file input.txt (compact mmCIF, C-alpha atoms)
# COMPACT_ATOMS: atom_id res chain seq x y z
CA MET A 1 0.00 0.00 0.00
CA ALA A 2 2.79 2.48 0.78
CA LEU A 3 3.94 2.63 -2.81
CA ARG A 4 0.57 4.01 -3.82
CA TYR A 5 0.02 7.71 -4.07
CA TRP A 6 -2.42 9.22 -1.61
CA THR A 7 -4.83 11.91 -2.73
CA GLY A 8 -5.81 14.96 -0.70
CA GLY A 9 -8.07 17.89 -1.51
CA GLN A 10 -5.71 19.44 -4.04
CA THR A 11 -2.73 17.10 -3.71
CA LYS A 12 -1.34 13.76 -4.74
CA HIS A 13 1.55 12.56 -2.60
CA ARG A 14 3.68 9.67 -1.38
CA LEU A 15 5.74 10.71 1.64
CA LEU A 16 7.73 7.82 3.10
CA TYR A 17 10.15 8.05 6.01
CA HIS A 18 12.51 5.58 7.63
CA LEU A 19 12.54 6.41 11.36
CA VAL A 20 14.75 4.97 14.10
CA TRP A 21 14.76 5.78 17.81
CA ILE A 22 16.12 4.25 21.01
CA PRO A 23 15.13 3.82 24.67
CA LYS A 24 16.86 6.05 27.21
CA TYR A 25 20.46 5.03 27.83
CA ARG A 26 20.02 2.53 24.96
CA LYS A 27 18.72 0.03 27.50
CA ARG A 28 17.76 -3.31 25.99
CA LEU A 29 14.16 -3.21 27.22
CA LEU A 30 12.17 -3.82 24.05
CA ARG A 31 11.52 -7.52 24.57
CA GLY A 32 8.62 -9.76 25.46
CA LYS A 33 5.43 -8.06 26.61
CA ILE A 34 6.95 -4.60 26.26
CA ALA A 35 7.76 -5.18 22.57
CA VAL A 36 4.33 -6.69 21.92
CA ARG A 37 2.52 -3.74 23.51
CA LEU A 38 4.79 -1.23 21.77
CA ARG A 39 4.03 -2.78 18.36
CA HIS A 40 0.31 -2.64 19.11
CA TRP A 41 0.41 1.02 20.18
CA LEU A 42 2.48 2.08 17.16
CA TYR A 43 -0.07 0.52 14.81
CA GLU A 44 -2.92 2.10 16.79
CA ALA A 45 -1.25 5.53 16.57
CA CYS A 46 -1.00 5.11 12.81
CA LYS A 47 -4.62 4.07 12.55
CA VAL A 48 -5.80 7.08 14.55
CA ASN A 49 -3.58 9.52 12.62
CA ARG A 50 -4.29 7.94 9.22
CA TRP A 51 -0.66 6.98 8.61
CA TRP A 52 0.55 3.68 7.18
CA ILE A 53 3.36 1.51 8.55
CA GLU A 54 4.85 -0.38 5.65
CA GLU A 55 7.50 -2.13 7.75
CA MET A 56 8.48 -2.15 11.42
CA LYS A 57 11.10 -3.96 13.46
CA ILE A 58 11.48 -3.74 17.20
CA LEU A 59 14.89 -4.82 18.44
CA PRO A 60 15.85 -4.90 22.13
CA ASP A 61 17.52 -1.47 21.97
CA HIS A 62 15.94 0.37 19.04
CA VAL A 63 12.91 0.65 16.76
CA HIS A 64 12.82 0.89 12.94
CA VAL A 65 9.67 2.14 11.19
CA LEU A 66 9.04 2.68 7.48
CA ILE A 67 5.99 4.93 7.49
CA GLN A 68 3.87 6.89 5.04
CA VAL A 69 2.32 10.13 6.27
CA SER A 70 0.36 13.05 4.85
CA PRO A 71 2.00 16.34 3.81
CA THR A 72 0.14 18.25 6.52
CA GLU A 73 2.43 16.80 9.22
CA THR A 74 6.12 17.29 9.74
CA VAL A 75 8.50 14.45 10.54
CA ALA A 76 9.05 16.01 13.97
CA GLU A 77 5.30 15.95 14.70
CA VAL A 78 5.01 12.31 13.62
CA VAL A 79 7.96 11.22 15.77
CA GLN A 80 6.70 13.27 18.72
CA ARG A 81 3.32 11.53 18.58
CA LEU A 82 4.85 8.07 18.21
CA LYS A 83 7.50 8.48 20.91
CA GLY A 84 5.45 10.65 23.27
CA GLY A 85 2.37 8.47 23.22
CA THR A 86 4.21 5.18 23.56
CA SER A 87 6.45 6.55 26.32
CA TYR A 88 3.42 7.51 28.37
CA LEU A 89 1.65 4.18 27.79
CA LEU A 90 4.73 2.02 28.42
CA ARG A 91 5.52 3.75 31.70
CA LYS A 92 1.88 3.52 32.78
CA GLU A 93 1.47 -0.18 31.94
CA PHE A 94 4.94 -1.23 33.14
CA PRO A 95 5.65 0.80 36.30
CA GLU A 96 8.63 -1.42 37.05
CA LEU A 97 10.48 0.45 34.28
CA GLU A 98 10.87 3.37 36.69
CA GLU A 99 13.64 1.41 38.45
CA THR A 100 15.64 1.38 35.21
CA LEU A 101 14.54 4.63 33.56
CA TRP A 102 14.09 7.53 35.91
CA GLY A 103 12.74 10.86 34.72
CA GLY A 104 9.70 11.53 32.60
CA SER A 105 10.48 9.66 29.41
CA PHE A 106 10.99 6.14 28.12
CA TRP A 107 12.78 7.22 24.92
CA ALA A 108 16.13 8.96 24.49
CA ASP A 109 16.12 12.44 22.99
CA GLY A 110 16.43 12.57 19.23
CA TYR A 111 15.82 10.16 16.37
CA PHE A 112 17.08 9.21 12.92
CA ALA A 113 14.92 10.10 9.91
CA GLU A 114 15.45 9.79 6.19
CA THR A 115 13.16 10.17 3.23
CA VAL A 116 12.56 7.09 1.13
CA GLY A 117 11.90 7.30 -2.58
CA ALA A 118 10.50 4.75 -5.00
CA ARG A 119 13.97 3.48 -5.91
CA SER A 120 15.24 3.14 -2.35
CA PHE A 121 11.95 1.77 -0.97
CA ALA A 122 12.76 -1.93 -1.53
CA ALA A 123 16.28 -1.55 -0.14
CA VAL A 124 15.10 0.18 3.04
CA LYS A 125 12.27 -2.31 3.53
CA ARG A 126 14.70 -5.23 3.12
CA TYR A 127 17.18 -3.58 5.51
CA ILE A 128 14.51 -3.28 8.22
CA GLN A 129 13.35 -6.88 7.69
CA GLU A 130 16.88 -8.28 7.83
CA ASN A 131 18.23 -6.01 10.58
CA ALA A 132 19.38 -8.33 13.34
CA ASP A 133 20.53 -7.66 16.83
CA SER A 134 23.82 -9.38 16.16
CA MET A 135 26.27 -6.73 17.39
CA PRO A 136 27.14 -7.07 21.08
CA HIS A 137 25.97 -4.10 23.11
CA GLN A 138 29.49 -3.05 24.19
CA ASP A 139 30.68 -2.89 20.55
CA ARG A 140 27.99 -0.47 19.40
CA SER A 141 28.71 3.16 18.72
CA ARG A 142 27.20 5.64 21.15
CA GLY A 143 25.00 7.16 18.42
CA LEU A 144 21.92 5.70 16.80
call {"tool": "encode", "arguments": {"input": "input.txt", "output": "structure tokens"}}
result
Amino acid sequence: MALRYWTGGQTKHRLLYHLVWIPKYRKRLLRGKIAVRLRHWLYEACKVNRWWIEEMKILPDHVHVLIQVSPTETVAEVVQRLKGGTSYLLRKEFPELEETLWGGSFWADGYFAETVGARSFAAVKRYIQENADSMPHQDRSRGL
């Protein structure tokens, strides 16, 4: 569906973004019930906002999303809704996270975003599908 053009009042568009973000301190918390609930809430957020997730992968220490949005929203607004909403819900449903993540947020500040065109679409989708958590935590760079 994401490779289709969407039509608005006076527009025709296909805005795809590859987004990546991490939990605070890059803690490896996105497993089990937390990952299941996070996936559910991300899809629900897209349903409510009329966005489309073409591909998503939740790894223990980061999230990849290939998403199509409308031109009325900025990337920053989309990420804020996804991260802000899920942070609130995760901390509410899993209060034990407070022992690991103090402060008012589940997610680290910042995110990675890139636009995805028709030619790079398949490559980005394949990258997200095949992305494995194979690199030991201590060998990772400090960035995203």
call {"tool": "closest_atom_pairs", "arguments": {"input": "input.txt", "of": "stretch 71-99 of chain A", "to": "stretch 107-131 of chain A", "cutoff": "8 Å", "atoms": "all atoms listed in the file", "output": "Markdown table"}}
result
| residue | atom | partner | partner_atom | distance |
| --- | --- | --- | --- | --- |
| A:Val75 | CA | A:Ala113 | CA | 7.8 |
| A:Val79 | CA | A:Tyr111 | CA | 8.0 |
| A:Lys83 | CA | A:Trp107 | CA | 6.7 |
| A:Ser87 | CA | A:Trp107 | CA | 6.5 |
call {"tool": "atom_distance", "arguments": {"input": "input.txt", "atom1": "atom CA of A:Gly8", "atom2": "atom CA of A:Glu77"}}
result
19.0 Å
call {"tool": "residues_around", "arguments": {"input": "input.txt", "residues": "stretch 91-95 of chain A", "least_positions_apart": "4", "cutoff": "9 Å", "atoms": "all atoms listed in the file", "output": "list in words"}}
result
Ile34, Thr86, Ser87, Glu99, Gly104, Ser105 and Phe106 of chain A
call {"tool": "closest_residue", "arguments": {"input": "input.txt", "among": "A:Leu97, A:Leu90, A:Trp6, A:Leu82", "to": "A:Val20", "atoms": "all atoms listed in the file"}}
result
A:Leu82
call {"tool": "residues_around", "arguments": {"input": "input.txt", "residues": "A:Gly32", "least_positions_apart": "4", "cutoff": "12 Å", "atoms": "all atoms listed in the file", "output": "PyMOL selection string"}}
result
chain A and resi 28+36-39+58-60
call {"tool": "closest_residue", "arguments": {"input": "input.txt", "among": "A:Gly85, A:Pro23, A:Pro71, A:Gly103", "to": "A:Gly9", "atoms": "all atoms listed in the file"}}
result
A:Pro71
call {"tool": "closest_residue", "arguments": {"input": "input.txt", "among": "A:Ala132, A:Leu101, A:Leu30, A:Leu16", "to": "A:Glu55", "atoms": "only C-alpha atoms"}}
result
A:Leu16
call {"tool": "atom_distance", "arguments": {"input": "input.txt", "atom1": "atom CA of A:Leu42", "atom2": "atom CA of A:Arg26"}}
result
19.2 Å
call {"tool": "atom_distance", "arguments": {"input": "input.txt", "atom1": "atom CA of A:Thr74", "atom2": "atom CA of A:His18"}}
result
13.5 Å
call {"tool": "residues_near_point", "arguments": {"input": "input.txt", "point": "(10.8, 5.0, 7.8)", "cutoff": "6 Å", "atoms": "only C-alpha atoms", "output": "PDB file with C-alpha atoms, in the frame of the given file"}}
result
ATOM      1  CA  TYR A  17      10.150   8.050   6.010  1.00  0.00           C
ATOM      2  CA  HIS A  18      12.510   5.580   7.630  1.00  0.00           C
ATOM      3  CA  LEU A  19      12.540   6.410  11.360  1.00  0.00           C
ATOM      4  CA  VAL A  65       9.670   2.140  11.190  1.00  0.00           C
ATOM      5  CA  LEU A  66       9.040   2.680   7.480  1.00  0.00           C
ATOM      6  CA  ILE A  67       5.990   4.930   7.490  1.00  0.00           C
TER       7      ILE A  67
END
call {"tool": "residues_near_point", "arguments": {"input": "input.txt", "point": "(3.3, 6.7, 2.2)", "cutoff": "9 Å", "atoms": "only C-alpha atoms", "output": "compact mmCIF listing (two decimals) with C-alpha atoms, in the frame of the given file"}}
result
# COMPACT_ATOMS: atom_id res chain seq x y z
CA MET A 1 0.00 0.00 0.00
CA ALA A 2 2.79 2.48 0.78
CA LEU A 3 3.94 2.63 -2.81
CA ARG A 4 0.57 4.01 -3.82
CA TYR A 5 0.02 7.71 -4.07
CA TRP A 6 -2.42 9.22 -1.61
CA HIS A 13 1.55 12.56 -2.60
CA ARG A 14 3.68 9.67 -1.38
CA LEU A 15 5.74 10.71 1.64
CA LEU A 16 7.73 7.82 3.10
CA TYR A 17 10.15 8.05 6.01
CA TRP A 51 -0.66 6.98 8.61
CA TRP A 52 0.55 3.68 7.18
CA ILE A 53 3.36 1.51 8.55
CA GLU A 54 4.85 -0.38 5.65
CA LEU A 66 9.04 2.68 7.48
CA ILE A 67 5.99 4.93 7.49
CA GLN A 68 3.87 6.89 5.04
CA VAL A 69 2.32 10.13 6.27
CA SER A 70 0.36 13.05 4.85
call {"tool": "closest_residue", "arguments": {"input": "input.txt", "among": "A:Arg50, A:Thr7, A:Leu29, A:Trp41", "to": "A:Glu96", "atoms": "all atoms listed in the file"}}
result
A:Leu29
call {"tool": "closest_residue", "arguments": {"input": "input.txt", "among": "A:Lys27, A:Met56, A:Tyr43, A:Asn49", "to": "A:Glu73", "atoms": "only C-alpha atoms"}}
result
A:Asn49
call {"tool": "decode", "arguments": {"input": "input.txt", "residues": "stretch 7-53 of chain A", "atoms": "N, CA and C atoms", "output": "short mmCIF file (atom, residue, chain, number, x, y, z; two decimals), in the first residue's frame"}}
result
data_model
loop_
_atom_site.label_atom_id
_atom_site.label_comp_id
_atom_site.auth_asym_id
_atom_site.auth_seq_id
_atom_site.Cartn_x
_atom_site.Cartn_y
_atom_site.Cartn_z
N THR A 7 -4.23 10.71 -2.16
CA THR A 7 -4.83 11.91 -2.73
C THR A 7 -5.48 12.72 -1.63
N GLY A 8 -5.18 14.03 -1.64
CA GLY A 8 -5.81 14.96 -0.70
C GLY A 8 -6.70 15.90 -1.49
N GLY A 9 -7.19 16.95 -0.84
CA GLY A 9 -8.07 17.89 -1.51
C GLY A 9 -7.53 18.39 -2.83
N GLN A 10 -6.33 18.91 -2.83
CA GLN A 10 -5.71 19.44 -4.04
C GLN A 10 -4.33 18.82 -4.26
N THR A 11 -4.07 17.67 -3.65
CA THR A 11 -2.73 17.10 -3.71
C THR A 11 -2.74 15.62 -4.08
N LYS A 12 -1.61 15.18 -4.56
CA LYS A 12 -1.34 13.76 -4.74
C LYS A 12 0.08 13.59 -4.18
N HIS A 13 0.26 12.64 -3.30
CA HIS A 13 1.55 12.56 -2.60
C HIS A 13 1.87 11.13 -2.18
N ARG A 14 3.16 10.93 -1.92
CA ARG A 14 3.68 9.67 -1.38
C ARG A 14 4.90 10.04 -0.55
N LEU A 15 4.68 10.29 0.74
CA LEU A 15 5.74 10.71 1.64
C LEU A 15 6.10 9.56 2.56
N LEU A 16 7.25 8.97 2.32
CA LEU A 16 7.73 7.82 3.10
C LEU A 16 8.96 8.22 3.90
N TYR A 17 9.01 7.77 5.15
CA TYR A 17 10.15 8.05 6.01
C TYR A 17 10.61 6.77 6.70
N HIS A 18 11.91 6.64 6.82
CA HIS A 18 12.51 5.58 7.63
C HIS A 18 12.90 6.26 8.94
N LEU A 19 12.30 5.82 10.04
CA LEU A 19 12.54 6.41 11.36
C LEU A 19 13.18 5.37 12.28
N VAL A 20 14.10 5.84 13.10
CA VAL A 20 14.75 4.97 14.10
C VAL A 20 14.88 5.77 15.39
N TRP A 21 14.54 5.15 16.52
CA TRP A 21 14.76 5.78 17.81
C TRP A 21 15.08 4.73 18.85
N ILE A 22 15.62 5.18 20.00
CA ILE A 22 16.12 4.25 21.01
C ILE A 22 15.54 4.58 22.39
N PRO A 23 15.49 3.55 23.27
CA PRO A 23 15.13 3.82 24.67
C PRO A 23 16.23 4.63 25.36
N LYS A 24 15.88 5.31 26.42
CA LYS A 24 16.86 6.05 27.21
C LYS A 24 18.04 5.15 27.56
N TYR A 25 19.22 5.72 27.48
CA TYR A 25 20.46 5.03 27.83
C TYR A 25 20.70 3.79 26.97
N ARG A 26 19.98 3.69 25.88
CA ARG A 26 20.02 2.53 24.96
C ARG A 26 19.86 1.21 25.72
N LYS A 27 19.02 1.24 26.73
CA LYS A 27 18.72 0.03 27.50
C LYS A 27 18.02 -0.98 26.61
N ARG A 28 18.32 -2.23 26.80
CA ARG A 28 17.76 -3.31 25.99
C ARG A 28 16.45 -3.80 26.62
N LEU A 29 15.43 -2.96 26.55
CA LEU A 29 14.16 -3.21 27.22
C LEU A 29 13.05 -3.66 26.30
N LEU A 30 13.25 -3.57 25.00
CA LEU A 30 12.17 -3.82 24.05
C LEU A 30 12.10 -5.30 23.71
N ARG A 31 11.65 -6.07 24.70
CA ARG A 31 11.52 -7.52 24.57
C ARG A 31 10.19 -7.96 25.18
N GLY A 32 9.79 -9.15 24.84
CA GLY A 32 8.62 -9.76 25.46
C GLY A 32 7.38 -8.91 25.39
N LYS A 33 6.70 -8.79 26.55
CA LYS A 33 5.43 -8.06 26.61
C LYS A 33 5.60 -6.59 26.24
N ILE A 34 6.73 -6.01 26.59
CA ILE A 34 6.95 -4.60 26.26
C ILE A 34 6.98 -4.42 24.74
N ALA A 35 7.69 -5.28 24.04
CA ALA A 35 7.76 -5.18 22.57
C ALA A 35 6.40 -5.43 21.92
N VAL A 36 5.66 -6.38 22.46
CA VAL A 36 4.33 -6.69 21.92
C VAL A 36 3.40 -5.49 22.08
N ARG A 37 3.39 -4.90 23.26
CA ARG A 37 2.52 -3.74 23.51
C ARG A 37 2.97 -2.54 22.69
N LEU A 38 4.27 -2.33 22.57
CA LEU A 38 4.79 -1.23 21.77
C LEU A 38 4.35 -1.36 20.32
N ARG A 39 4.47 -2.54 19.75
CA ARG A 39 4.03 -2.78 18.36
C ARG A 39 2.55 -2.44 18.21
N HIS A 40 1.75 -2.92 19.14
CA HIS A 40 0.31 -2.64 19.11
C HIS A 40 0.04 -1.14 19.13
N TRP A 41 0.67 -0.41 20.04
CA TRP A 41 0.41 1.02 20.18
C TRP A 41 0.91 1.82 18.97
N LEU A 42 2.00 1.38 18.36
CA LEU A 42 2.48 2.08 17.16
C LEU A 42 1.48 1.92 16.02
N TYR A 43 0.95 0.71 15.85
CA TYR A 43 -0.07 0.52 14.81
C TYR A 43 -1.34 1.30 15.13
N GLU A 44 -1.74 1.33 16.40
CA GLU A 44 -2.92 2.10 16.79
C GLU A 44 -2.72 3.59 16.52
N ALA A 45 -1.54 4.12 16.83
CA ALA A 45 -1.25 5.53 16.57
C ALA A 45 -1.37 5.84 15.09
N CYS A 46 -0.91 4.91 14.25
CA CYS A 46 -1.00 5.11 12.81
C CYS A 46 -2.45 5.04 12.33
N LYS A 47 -3.21 4.18 12.92
CA LYS A 47 -4.62 4.07 12.55
C LYS A 47 -5.36 5.36 12.89
N VAL A 48 -5.14 5.87 14.09
CA VAL A 48 -5.80 7.08 14.55
C VAL A 48 -5.38 8.30 13.71
N ASN A 49 -4.10 8.37 13.35
CA ASN A 49 -3.58 9.52 12.62
C ASN A 49 -3.64 9.37 11.10
N ARG A 50 -4.16 8.23 10.65
CA ARG A 50 -4.29 7.94 9.22
C ARG A 50 -2.94 7.90 8.52
N TRP A 51 -1.97 7.25 9.18
CA TRP A 51 -0.66 6.98 8.61
C TRP A 51 -0.64 5.50 8.24
N TRP A 52 0.42 5.08 7.57
CA TRP A 52 0.55 3.68 7.18
C TRP A 52 1.96 3.20 7.50
N ILE A 53 2.06 2.14 8.30
CA ILE A 53 3.36 1.51 8.55
C ILE A 53 3.55 0.42 7.51
#
